[in-house]
file target_24.txt (compact mmCIF, C-alpha atoms)
# COMPACT_ATOMS: atom_id res chain seq x y z
CA MET A 1 -10.33 9.82 -18.07
CA LYS A 2 -6.58 9.68 -17.68
CA ALA A 3 -5.46 6.10 -17.06
CA SER A 4 -2.23 4.71 -15.65
CA ALA A 5 -1.04 1.10 -15.66
CA PHE A 6 1.06 -0.43 -12.90
CA VAL A 7 4.35 -1.91 -14.13
CA TYR A 8 7.46 -3.53 -12.65
CA PRO A 9 10.92 -2.71 -14.01
CA TRP A 10 11.44 -6.39 -14.88
CA ASP A 11 8.44 -6.22 -17.19
CA VAL A 12 10.31 -3.70 -19.31
CA ASN A 13 14.06 -4.22 -18.96
CA GLY A 14 15.27 -6.74 -21.51
CA ASP A 15 12.04 -6.56 -23.52
CA PRO A 16 12.38 -3.86 -26.20
CA GLU A 17 8.74 -4.27 -27.23
CA ALA A 18 7.27 -3.65 -23.77
CA PRO A 19 7.11 0.18 -23.77
CA ALA A 20 5.24 0.38 -27.09
CA ARG A 21 2.94 -2.45 -26.05
CA ILE A 22 2.00 -0.63 -22.84
CA ALA A 23 1.52 2.69 -24.66
CA ALA A 24 -0.75 0.94 -27.18
CA LEU A 25 -3.18 0.14 -24.38
CA GLY A 26 -4.26 3.78 -24.48
CA VAL A 27 -2.79 4.77 -21.12
CA ARG A 28 -0.93 8.06 -20.81
CA GLN A 29 0.96 7.17 -17.64
CA VAL A 30 2.71 4.26 -15.96
CA THR A 31 3.08 3.76 -12.22
CA LEU A 32 6.49 2.07 -12.07
CA ALA A 33 7.71 0.26 -8.96
CA ALA A 34 10.69 1.98 -7.32
CA ALA A 35 10.51 0.31 -3.89
CA TYR A 36 8.62 -2.95 -3.63
CA HIS A 37 7.96 -5.90 -1.32
CA SER A 38 8.86 -9.53 -1.95
CA THR A 39 6.84 -11.19 -4.69
CA ARG A 40 6.75 -13.92 -7.30
CA ALA A 41 5.46 -12.59 -10.60
CA LEU A 42 4.67 -13.86 -14.07
CA THR A 43 6.21 -12.13 -17.09
CA PRO A 44 4.15 -13.80 -19.83
CA ARG A 45 5.64 -11.91 -22.79
CA HIS A 46 9.26 -11.36 -21.76
CA PRO A 47 11.82 -12.79 -24.22
CA ARG A 48 14.17 -14.01 -21.48
CA HIS A 49 12.02 -15.25 -18.57
CA ARG A 50 8.53 -16.16 -17.44
CA ILE A 51 8.86 -16.03 -13.64
CA VAL A 52 10.55 -13.36 -11.56
CA THR A 53 11.14 -14.07 -7.87
CA ALA A 54 11.83 -10.94 -5.83
CA GLU A 55 13.14 -12.58 -2.71
CA HIS A 56 12.75 -9.65 -0.34
CA ALA A 57 11.55 -6.07 -0.13
CA ALA A 58 14.02 -3.81 -1.91
CA VAL A 59 14.65 -0.50 -3.60
CA LEU A 60 14.94 -0.93 -7.35
CA TYR A 61 17.62 1.74 -7.80
CA PRO A 62 20.95 2.48 -6.07
CA ALA A 63 20.24 3.96 -2.63
CA ASP A 64 22.19 7.10 -1.79
CA ASP A 65 24.52 7.91 1.10
CA ARG A 66 21.78 9.17 3.42
CA TRP A 67 21.65 5.60 4.76
CA ALA A 68 25.31 5.32 5.71
CA GLY A 69 25.61 3.83 9.20
CA ARG A 70 21.83 3.69 9.71
CA GLU A 71 19.52 0.87 10.74
CA PRO A 72 16.99 0.15 9.51
CA ARG A 73 17.93 0.95 5.94
CA PRO A 74 16.57 -0.17 2.55
CA TYR A 75 17.76 -3.41 1.01
CA ALA A 76 19.23 -3.53 -2.49
CA ALA A 77 17.50 -5.76 -5.00
CA GLY A 78 19.16 -8.93 -6.23
CA SER A 79 19.28 -10.34 -9.74
CA TRP A 80 15.58 -9.64 -10.30
CA ALA A 81 16.25 -5.86 -10.50
CA PRO A 82 20.00 -5.17 -10.63
CA GLY A 83 21.62 -1.75 -10.72
CA ASP A 84 19.27 1.12 -11.53
CA ALA A 85 16.46 -1.11 -12.77
CA PHE A 86 13.92 1.62 -12.16
CA GLY A 87 15.91 4.21 -14.10
CA GLU A 88 16.46 1.90 -17.06
CA ALA A 89 12.76 1.08 -17.31
CA ALA A 90 11.69 4.69 -16.76
CA THR A 91 13.89 5.89 -19.63
CA ALA A 92 12.45 3.31 -22.01
CA LEU A 93 8.86 4.04 -21.02
CA ALA A 94 9.32 7.81 -21.34
CA ALA A 95 10.79 7.30 -24.83
CA ALA A 96 7.49 5.62 -25.76
CA GLY A 97 5.63 8.79 -24.74
CA LEU A 98 4.49 7.63 -21.32
CA GLU A 99 4.56 9.80 -18.21
CA VAL A 100 6.34 7.95 -15.42
CA HIS A 101 5.28 8.07 -11.76
CA THR A 102 6.94 6.08 -9.00
CA TRP A 103 5.22 3.30 -7.07
CA VAL A 104 6.60 3.15 -3.54
CA VAL A 105 5.67 0.44 -1.01
CA LEU A 106 6.50 1.56 2.54
CA ALA A 107 5.22 -0.16 5.73
CA HIS A 108 5.30 -3.70 4.31
CA ASN A 109 8.66 -5.44 4.53
CA SER A 110 9.09 -9.04 5.70
CA ARG A 111 12.89 -8.99 5.58
CA LEU A 112 12.98 -5.94 7.84
CA GLY A 113 10.84 -7.80 10.37
CA ALA A 114 12.94 -10.93 10.12
CA GLU A 115 16.27 -9.16 10.64
CA HIS A 116 14.99 -6.49 13.04
CA PRO A 117 12.08 -8.18 14.87
CA ASP A 118 11.69 -5.28 17.30
CA THR A 119 10.39 -3.14 14.42
CA SER A 120 7.31 -5.34 13.91
CA VAL A 121 3.71 -5.01 15.01
CA VAL A 122 3.05 -7.23 18.06
CA ASN A 123 -0.52 -8.40 18.64
CA ALA A 124 -2.29 -8.89 21.97
CA TYR A 125 -1.03 -12.48 22.19
CA GLY A 126 2.61 -11.45 21.77
CA ASP A 127 2.85 -12.68 18.15
CA ARG A 128 4.97 -10.57 15.85
CA TYR A 129 3.98 -9.68 12.29
CA PRO A 130 7.33 -9.52 10.49
CA TRP A 131 5.71 -8.15 7.32
CA ALA A 132 4.27 -5.17 9.22
CA PRO A 133 6.63 -2.50 10.59
CA CYS A 134 5.01 -0.67 13.50
CA ILE A 135 4.49 2.91 12.36
CA ALA A 136 4.48 4.23 15.94
CA GLN A 137 8.19 3.56 16.48
CA PRO A 138 10.37 6.67 16.03
CA ALA A 139 13.19 4.90 14.18
CA THR A 140 10.74 3.17 11.85
CA ARG A 141 8.92 6.44 11.15
CA ALA A 142 12.23 8.11 10.28
CA TYR A 143 13.13 5.21 8.00
CA LEU A 144 9.76 5.29 6.21
CA THR A 145 9.83 9.06 5.80
CA ASP A 146 13.32 9.06 4.28
CA LEU A 147 12.52 6.06 2.10
CA ALA A 148 9.42 7.84 0.79
CA ALA A 149 11.45 10.91 -0.14
CA GLU A 150 14.23 8.94 -1.83
CA ALA A 151 12.17 6.33 -3.67
CA ALA A 152 9.44 8.73 -4.78
CA VAL A 153 11.62 11.38 -6.37
CA ARG A 154 13.55 9.38 -8.96
CA PRO A 155 15.02 11.11 -12.02
CA GLY A 156 12.40 11.56 -14.70
CA ALA A 157 9.41 10.86 -12.44
CA ARG A 158 6.52 13.34 -12.56
CA GLY A 159 4.80 12.10 -9.44
CA THR A 160 4.49 9.26 -6.97
CA GLU A 161 1.98 6.85 -5.45
CA LEU A 162 2.74 5.85 -1.87
CA GLU A 163 1.38 2.44 -0.89
CA SER A 164 1.16 1.04 2.65
CA LEU A 165 1.70 4.44 4.26
CA GLY A 166 -0.17 3.53 7.43
CA TRP A 167 -0.95 0.57 9.66
CA TYR A 168 -0.57 -3.00 8.43
CA GLY A 169 -2.34 -5.88 10.17
CA LEU A 170 -2.93 -9.61 9.99
CA GLN A 171 -4.10 -9.61 6.37
CA HIS A 172 -1.10 -10.72 4.35
CA LEU A 173 -0.69 -13.42 1.74
CA HIS A 174 2.24 -15.30 3.23
CA ALA A 175 3.98 -18.39 1.86
CA HIS A 176 1.49 -21.31 1.99
CA ASP A 177 -0.88 -19.07 3.94
CA LYS A 178 -3.18 -20.99 6.30
CA THR A 179 -5.02 -18.29 8.25
CA GLY A 180 -8.46 -18.52 6.65
CA GLY A 181 -9.95 -21.16 8.94
CA ILE A 182 -11.63 -18.57 11.17
CA GLY A 183 -13.75 -15.80 9.67
CA LEU A 184 -12.35 -12.86 11.63
CA GLY A 185 -14.47 -10.25 9.88
CA ASP A 186 -13.94 -6.52 10.20
CA ALA A 187 -14.04 -6.52 13.98
CA GLY A 188 -11.70 -9.46 14.49
CA GLN A 189 -9.22 -8.07 11.99
CA TYR A 190 -9.15 -4.76 13.88
CA LEU A 191 -8.45 -6.45 17.20
CA MET A 192 -5.74 -8.61 15.66
CA ALA A 193 -4.14 -5.47 14.18
CA LEU A 194 -3.77 -3.67 17.52
CA CYS A 195 -0.06 -3.41 18.31
CA PHE A 196 1.54 -3.89 21.73
CA CYS A 197 5.18 -3.09 21.00
CA PRO A 198 6.87 -0.74 23.52
CA SER A 199 6.07 2.36 21.45
CA CYS A 200 2.39 1.47 21.19
CA ARG A 201 2.19 0.57 24.88
CA GLU A 202 3.52 4.04 25.66
CA GLY A 203 1.05 5.54 23.18
CA TYR A 204 -1.90 3.83 24.81
CA GLY A 205 -0.69 5.18 28.14
CA ARG A 206 -0.72 8.72 26.76
CA HIS A 207 -4.35 8.13 25.87
CA GLY A 208 -5.22 6.92 29.36
CA LEU A 209 -5.14 3.17 28.75
CA ASP A 210 -3.20 0.49 30.59
CA ALA A 211 -1.59 -1.64 27.86
CA ASP A 212 -1.72 -4.90 29.83
CA GLU A 213 -5.38 -4.40 30.65
CA LEU A 214 -6.10 -3.54 27.01
CA ALA A 215 -4.30 -6.66 25.75
CA SER A 216 -6.28 -8.79 28.18
CA ALA A 217 -9.51 -7.16 27.00
CA VAL A 218 -8.60 -7.89 23.37
CA ARG A 219 -7.92 -11.55 24.12
CA THR A 220 -11.18 -11.86 26.04
CA ALA A 221 -13.11 -10.18 23.24
CA LEU A 222 -11.62 -12.53 20.64
CA GLU A 223 -12.29 -15.76 22.53
CA PRO A 224 -15.84 -16.19 21.15
CA VAL A 225 -14.51 -15.45 17.64
CA TRP A 226 -12.04 -18.35 17.89
CA GLN A 227 -15.02 -20.52 18.82
CA GLY A 228 -16.90 -19.48 15.67
CA ALA A 229 -18.95 -16.44 16.71
CA PRO A 230 -19.33 -13.78 13.98
CA SER A 231 -17.16 -10.68 14.20
CA ASP A 232 -18.48 -8.48 11.45
CA GLY A 233 -20.64 -5.36 11.66
CA GLY A 234 -18.00 -2.74 10.93
CA TRP A 235 -17.24 -0.25 13.68
CA THR A 236 -20.38 -1.22 15.59
CA GLY A 237 -19.09 -4.79 15.72
CA ILE A 238 -15.73 -3.61 17.06
CA GLU A 239 -17.42 -1.61 19.81
CA LYS A 240 -19.56 -4.63 20.66
CA LEU A 241 -16.51 -6.88 21.03
CA LEU A 242 -14.14 -4.49 22.78
CA GLY A 243 -16.45 -1.98 24.40
CA GLU A 244 -17.10 1.56 23.20
CA THR A 245 -14.49 3.31 25.37
CA LEU A 246 -11.60 1.00 24.53
CA ALA A 247 -12.53 0.88 20.86
CA THR A 248 -12.80 4.66 20.54
CA THR A 249 -9.57 5.32 22.42
CA THR A 250 -7.49 2.82 20.48
CA ARG A 251 -8.84 4.21 17.22
CA ALA A 252 -7.96 7.76 18.26
CA TYR A 253 -4.39 6.70 19.01
CA ARG A 254 -3.98 4.75 15.77
CA ASP A 255 -5.60 7.45 13.63
CA GLU A 256 -3.31 10.10 15.11
CA THR A 257 -0.23 7.92 14.58
CA ALA A 258 -1.07 7.26 10.93
CA ARG A 259 -2.06 10.85 10.18
CA THR A 260 1.15 12.33 11.52
CA LEU A 261 3.29 9.81 9.61
CA GLN A 262 1.41 10.58 6.40
CA GLU A 263 1.94 14.29 6.95
CA GLN A 264 5.65 13.79 7.57
CA ALA A 265 6.20 11.49 4.61
CA VAL A 266 4.34 13.72 2.16
CA ALA A 267 6.22 16.78 3.43
CA ALA A 268 9.53 14.93 2.96
CA VAL A 269 8.61 13.99 -0.61
CA ARG A 270 7.58 17.55 -1.42
CA ALA A 271 10.83 18.92 0.02
CA ALA A 272 12.83 16.60 -2.25
CA ALA A 273 10.66 16.98 -5.36
CA PRO A 274 10.58 19.57 -8.13
CA GLU A 275 7.67 21.99 -8.42
CA GLY A 276 4.51 20.36 -9.74
CA PHE A 277 5.43 16.87 -8.54
CA GLN A 278 2.23 14.93 -7.79
CA VAL A 279 1.88 13.00 -4.53
CA LEU A 280 -0.89 10.41 -4.19
CA LEU A 281 -1.59 7.85 -1.46
CA HIS A 282 -3.15 4.43 -1.84
CA ALA A 283 -5.99 4.72 0.65
CA ASP A 284 -9.21 3.32 2.09
CA PRO A 285 -11.85 5.77 3.34
CA VAL A 286 -12.42 3.83 6.60
CA SER A 287 -9.69 5.03 8.95
CA TYR A 288 -9.42 1.84 11.04
CA HIS A 289 -8.77 -0.40 8.01
CA VAL A 290 -5.21 -1.68 7.56
CA GLY A 291 -3.06 -2.99 4.75
CA ALA A 292 -1.69 -1.88 1.40
CA ASN A 293 -4.52 0.67 1.18
CA PRO A 294 -4.49 1.88 4.78
CA GLY A 295 -7.46 3.68 6.25
CA VAL A 296 -7.43 7.47 6.19
CA ASP A 297 -9.74 10.34 7.05
CA PRO A 298 -10.76 11.55 3.56
CA ALA A 299 -10.93 15.24 4.49
CA HIS A 300 -7.54 15.14 6.17
CA ILE A 301 -5.67 13.20 3.50
CA LEU A 302 -6.94 15.42 0.70
CA SER A 303 -5.60 18.41 2.63
CA VAL A 304 -2.16 16.77 2.77
CA ALA A 305 -1.68 14.96 -0.56
CA ASP A 306 -2.72 15.76 -4.11
CA GLY A 307 -5.12 12.85 -4.12
CA VAL A 308 -5.70 9.16 -3.54
CA VAL A 309 -5.67 5.84 -5.35
CA VAL A 310 -8.72 3.89 -4.17
CA PRO A 311 -9.27 0.12 -4.52
CA CYS A 312 -12.44 -0.42 -6.55
CA SER A 313 -12.34 -4.03 -7.72
CA GLY A 314 -14.68 -4.93 -4.86
CA GLY A 315 -17.02 -2.03 -5.64
CA THR A 316 -16.83 1.67 -6.43
CA GLY A 317 -18.55 2.87 -3.26
CA THR A 318 -15.12 3.49 -1.71
CA LEU A 319 -14.84 6.56 -3.97
CA THR A 320 -17.79 8.43 -2.49
CA PRO A 321 -16.25 9.59 0.83
CA PHE A 322 -13.35 11.15 -1.09
CA ALA A 323 -15.50 12.72 -3.80
CA ARG A 324 -17.81 14.13 -1.13
CA GLN A 325 -15.01 16.43 0.01
CA GLU A 326 -15.34 18.38 -3.27
CA ARG A 327 -11.70 19.40 -3.08
CA GLU A 328 -10.83 21.26 -6.25
CA GLY A 329 -8.03 19.69 -8.26
CA ALA A 330 -7.80 16.56 -6.10
CA VAL A 331 -7.01 13.34 -7.93
CA ILE A 332 -9.38 10.51 -7.08
CA ALA A 333 -8.08 7.51 -9.00
CA ALA A 334 -10.23 4.39 -9.18
CA ASN A 335 -8.00 1.31 -9.09
CA PHE A 336 -9.28 -1.78 -10.95
CA THR A 337 -7.65 -5.18 -11.23
CA VAL A 338 -7.65 -6.12 -14.92
CA VAL A 339 -5.94 -9.51 -14.59
CA SER A 340 -8.75 -12.05 -14.91
CA GLY A 341 -6.64 -14.81 -13.39
CA MET A 342 -6.28 -12.73 -10.23
CA GLY A 343 -9.99 -12.07 -9.89
CA GLY A 344 -10.09 -8.99 -12.09
CA SER A 345 -12.82 -8.17 -14.61
CA PRO A 346 -11.29 -6.51 -17.66
CA GLY A 347 -14.49 -7.22 -19.58
CA THR A 348 -16.45 -4.83 -17.37
CA LEU A 349 -13.79 -2.09 -17.34
CA ALA A 350 -15.75 0.31 -19.56
CA ALA A 351 -18.87 0.03 -17.39
CA ASP A 352 -16.82 0.14 -14.18
CA ALA A 353 -14.99 3.26 -15.36
CA ALA A 354 -18.26 4.98 -16.24
CA GLU A 355 -19.67 4.21 -12.80
CA ALA A 356 -16.46 5.38 -11.14
CA ARG A 357 -16.63 8.66 -13.03
CA ARG A 358 -20.26 9.10 -11.97
CA LEU A 359 -19.18 8.67 -8.33
CA GLY A 360 -16.42 11.27 -8.63
CA ALA A 361 -13.33 9.46 -9.91
CA THR A 362 -11.07 11.68 -11.98
CA GLU A 363 -8.58 9.01 -13.16
CA LEU A 364 -8.17 5.25 -13.56
CA ARG A 365 -5.46 2.87 -12.35
CA LEU A 366 -5.08 -0.53 -13.98
CA TYR A 367 -3.47 -3.40 -12.10
CA HIS A 368 -1.35 -4.69 -13.82
CA ALA A 369 0.07 -4.31 -17.36
CA GLY A 370 2.90 -6.78 -16.80
CA LEU A 371 0.84 -9.54 -15.17
CA ALA A 372 -2.15 -9.56 -17.53
CA SER A 373 -2.57 -12.04 -20.37
CA ASP A 374 -2.65 -10.95 -24.00
CA GLY A 375 -6.40 -11.43 -23.97
CA ASP A 376 -6.83 -9.25 -20.90
CA LEU A 377 -4.67 -6.52 -22.45
CA GLU A 378 -6.68 -6.57 -25.67
CA THR A 379 -9.88 -6.22 -23.64
CA VAL A 380 -8.38 -3.27 -21.74
CA ARG A 381 -7.28 -1.66 -24.99
CA SER A 382 -10.80 -1.86 -26.38
CA ALA A 383 -12.33 -0.52 -23.20
CA LEU A 384 -10.00 2.49 -22.99
CA ALA A 385 -10.57 3.28 -26.67
CA GLY A 386 -14.26 3.67 -25.92
CA LEU A 387 -13.90 6.01 -22.95

call {"tool": "encode", "arguments": {"input": "target_24.txt", "output": "structure tokens"}}
result
Amino acid sequence: MKASAFVYPWDVNGDPEAPARIAALGVRQVTLAAAYHSTRALTPRHPRHRIVTAEHAAVLYPADDRWAGREPRPYAAGSWAPGDAFGEAATALAAAGLEVHTWVVLAHNSRLGAEHPDTSVVNAYGDRYPWAPCIAQPATRAYLTDLAAEAAVRPGARGTELESLGWYGLQHLHAHDKTGGIGLGDAGQYLMALCFCPSCREGYGRHGLDADELASAVRTALEPVWQGAPSDGGWTGIEKLLGETLATTTRAYRDETARTLQEQAVAAVRAAAPEGFQVLLHADPVSYHVGANPGVDPAHILSVADGVVVPCSGGTGTLTPFARQEREGAVIAANFTVVSGMGGSPGTLAADAAEARRLGATELRLYHAGLASDGDLETVRSALAGL
């Protein structure tokens, strides 16, 4: 199975041994960040530093003049990825024989929400989620579509992986995060992800719902959850809390909003890309799920993109709805965390990969070559050699 490792430019730039070390893992491809959210990351083998603090979401290359006079617009990186950090790293990795694909994070940007609060998702209580741009807003959709096209099609890239191209919700590891005291479950997370910004209020109206009445219904439905009642049960649990009609209608609106944005963004990337450029989306097969791997309809997304990258560290069953489509030539990449300190299981990678292949995976993604310890990387190397 073809395998690709996720990498940041700062893992490579300034470390002349990094490209060969990554190639020696046995991967044929790297998925290199071109637009990324704020983070604090270890660089355990870099000769100049051990901690990189990316203070805000940024593009890791010089943005072009399409953004002149526009708001919102992408932010330039600071000292953690100066100049054309992506291009420098891509050149070095390609020289080591690795195929480079871009890694583009879209609807996840805390600085955008802080400086332009009206762009954010607003929950039923009126709380804004500054990390989560609302994908229903026309200006935000235009920004995300143009960012996808620019960041995806960098010189030398053979394809792209688009992350967070859909709804984002409450789930977000924020500084000193203290939101785990109540077990919201699948149902509670869905209700807390429903947006009530002006664009979404208008969207609910188009679907026959009164936004104020819906917000009140959401708050009423969540009251027992705040008191400790369970809120799991998948979609059935959501219907139980909110009522079947409201649940179904809100899902129809949100699914339509995400689908049309995904179509527009992929079309924009294809229009900017050379022939044969591969476009994949990080995706979850349950359409109402939110986050970095937003929910999609498997049949629809495989008719739009060349394939999907599917989170599998919690189990490989997420692959089945995509494989069931039997779409010829579609990439179904099983994404495994191989950093043991972040909950990954590099020691089971060979068995996990075999199970993923049995369930229809065509490729592997390994998170993350820059963050893993030497021991984790050696374990990955051995596992890939046996595949």

call {"tool": "residues_around", "arguments": {"input": "target_24.txt", "residues": "stretch 105-113 of chain A", "least_positions_apart": "3", "cutoff": "9 Å", "atoms": "all atoms listed in the file", "output": "PyMOL selection string"}}
result
chain A and resi 33-38+56-58+72-75+116-121+128-135+140+144-145+147-148+161-168+291-292

call {"tool": "closest_residue", "arguments": {"input": "target_24.txt", "among": "A:Glu55, A:Arg358, A:Trp235, A:Ala95", "to": "A:Ala76", "atoms": "only C-alpha atoms"}}
result
A:Glu55

call {"tool": "residues_near_point", "arguments": {"input": "target_24.txt", "point": "(-5.2, -10.6, -17.6)", "cutoff": "7 Å", "atoms": "all atoms listed in the file", "output": "ChimeraX atom specification"}}
result
/A:338-341,371-377

call {"tool": "closest_residue", "arguments": {"input": "target_24.txt", "among": "A:His174, A:Val218, A:Asn335, A:Arg270", "to": "A:Gly243", "atoms": "all atoms listed in the file"}}
result
A:Val218

call {"tool": "residues_near_point", "arguments": {"input": "target_24.txt", "point": "(-4.9, 12.1, 4.4)", "cutoff": "12 Å", "atoms": "only C-alpha atoms", "output": "MDAnalysis selection string"}}
result
chainID A and resid 162 165:166 255:266 279:287 293:309 322 325 330

call {"tool": "closest_residue", "arguments": {"input": "target_24.txt", "among": "A:Glu213, A:Asp65, A:Glu275, A:Asp232", "to": "A:Gly159", "atoms": "all atoms listed in the file"}}
result
A:Glu275

call {"tool": "atom_distance", "arguments": {"input": "target_24.txt", "atom1": "atom CA of A:Phe277", "atom2": "atom CA of A:Glu99"}}
result
12.0 Å

call {"tool": "closest_residue", "arguments": {"input": "target_24.txt", "among": "A:His49, A:Lys2, A:His101, A:His289", "to": "A:Arg254", "atoms": "all atoms listed in the file"}}
result
A:His289

call {"tool": "closest_residue", "arguments": {"input": "target_24.txt", "among": "A:Leu246, A:Ala114, A:Ala361, A:Ala272", "to": "A:Leu194", "atoms": "all atoms listed in the file"}}
result
A:Leu246

call {"tool": "residues_around", "arguments": {"input": "target_24.txt", "residues": "A:Asn123", "least_positions_apart": "2", "cutoff": "7 Å", "atoms": "all atoms listed in the file", "output": "list of chain:residue names"}}
result
A:Val121, A:Tyr125, A:Gly126, A:Asp127, A:Arg128, A:Met192, A:Ala193, A:Leu194, A:Cys195, A:Phe196

call {"tool": "atom_distance", "arguments": {"input": "target_24.txt", "atom1": "atom CA of A:Gly344", "atom2": "atom CA of A:Ser313"}}
result
7.0 Å

call {"tool": "atom_distance", "arguments": {"input": "target_24.txt", "atom1": "atom CA of A:Ala175", "atom2": "atom CA of A:Gly228"}}
result
25.1 Å

call {"tool": "decode", "arguments": {"input": "target_24.txt", "residues": "stretch 250-263 of chain A", "atoms": "N, CA and C atoms", "output": "mmCIF file, in the first residue's frame"}}
result
data_model
loop_
_atom_site.group_PDB
_atom_site.id
_atom_site.type_symbol
_atom_site.label_atom_id
_atom_site.label_comp_id
_atom_site.auth_asym_id
_atom_site.auth_seq_id
_atom_site.Cartn_x
_atom_site.Cartn_y
_atom_site.Cartn_z
ATOM 1 N N THR A 250 -32.655 20.601 10.272
ATOM 2 C CA THR A 250 -31.345 21.237 10.475
ATOM 3 C C THR A 250 -30.242 20.451 9.780
ATOM 4 N N ARG A 251 -30.346 19.136 9.803
ATOM 5 C CA ARG A 251 -29.325 18.327 9.119
ATOM 6 C C ARG A 251 -29.369 18.556 7.618
ATOM 7 N N ALA A 252 -30.553 18.655 7.045
ATOM 8 C CA ALA A 252 -30.670 18.900 5.606
ATOM 9 C C ALA A 252 -30.004 20.219 5.226
ATOM 10 N N TYR A 253 -30.239 21.256 6.041
ATOM 11 C CA TYR A 253 -29.627 22.553 5.768
ATOM 12 C C TYR A 253 -28.104 22.475 5.879
ATOM 13 N N ARG A 254 -27.610 21.865 6.938
ATOM 14 C CA ARG A 254 -26.165 21.806 7.149
ATOM 15 C C ARG A 254 -25.486 20.914 6.119
ATOM 16 N N ASP A 255 -26.105 19.794 5.769
ATOM 17 C CA ASP A 255 -25.532 18.923 4.737
ATOM 18 C C ASP A 255 -25.436 19.649 3.401
ATOM 19 N N GLU A 256 -26.499 20.357 3.028
ATOM 20 C CA GLU A 256 -26.489 21.097 1.772
ATOM 21 C C GLU A 256 -25.404 22.170 1.775
ATOM 22 N N THR A 257 -25.262 22.885 2.882
ATOM 23 C CA THR A 257 -24.262 23.950 2.978
ATOM 24 C C THR A 257 -22.852 23.391 2.826
ATOM 25 N N ALA A 258 -22.575 22.285 3.496
ATOM 26 C CA ALA A 258 -21.247 21.685 3.405
ATOM 27 C C ALA A 258 -20.989 21.114 2.023
ATOM 28 N N ARG A 259 -21.973 20.429 1.460
ATOM 29 C CA ARG A 259 -21.786 19.819 0.140
ATOM 30 C C ARG A 259 -21.455 20.863 -0.921
ATOM 31 N N THR A 260 -22.191 21.954 -0.926
ATOM 32 C CA THR A 260 -21.968 22.951 -1.969
ATOM 33 C C THR A 260 -20.615 23.635 -1.794
ATOM 34 N N LEU A 261 -20.180 23.859 -0.546
ATOM 35 C CA LEU A 261 -18.848 24.418 -0.336
ATOM 36 C C LEU A 261 -17.780 23.440 -0.818
ATOM 37 N N GLN A 262 -17.930 22.177 -0.510
ATOM 38 C CA GLN A 262 -16.957 21.180 -0.955
ATOM 39 C C GLN A 262 -16.887 21.130 -2.474
ATOM 40 N N GLU A 263 -18.027 21.193 -3.119
ATOM 41 C CA GLU A 263 -18.042 21.209 -4.585
ATOM 42 C C GLU A 263 -17.302 22.429 -5.127
#
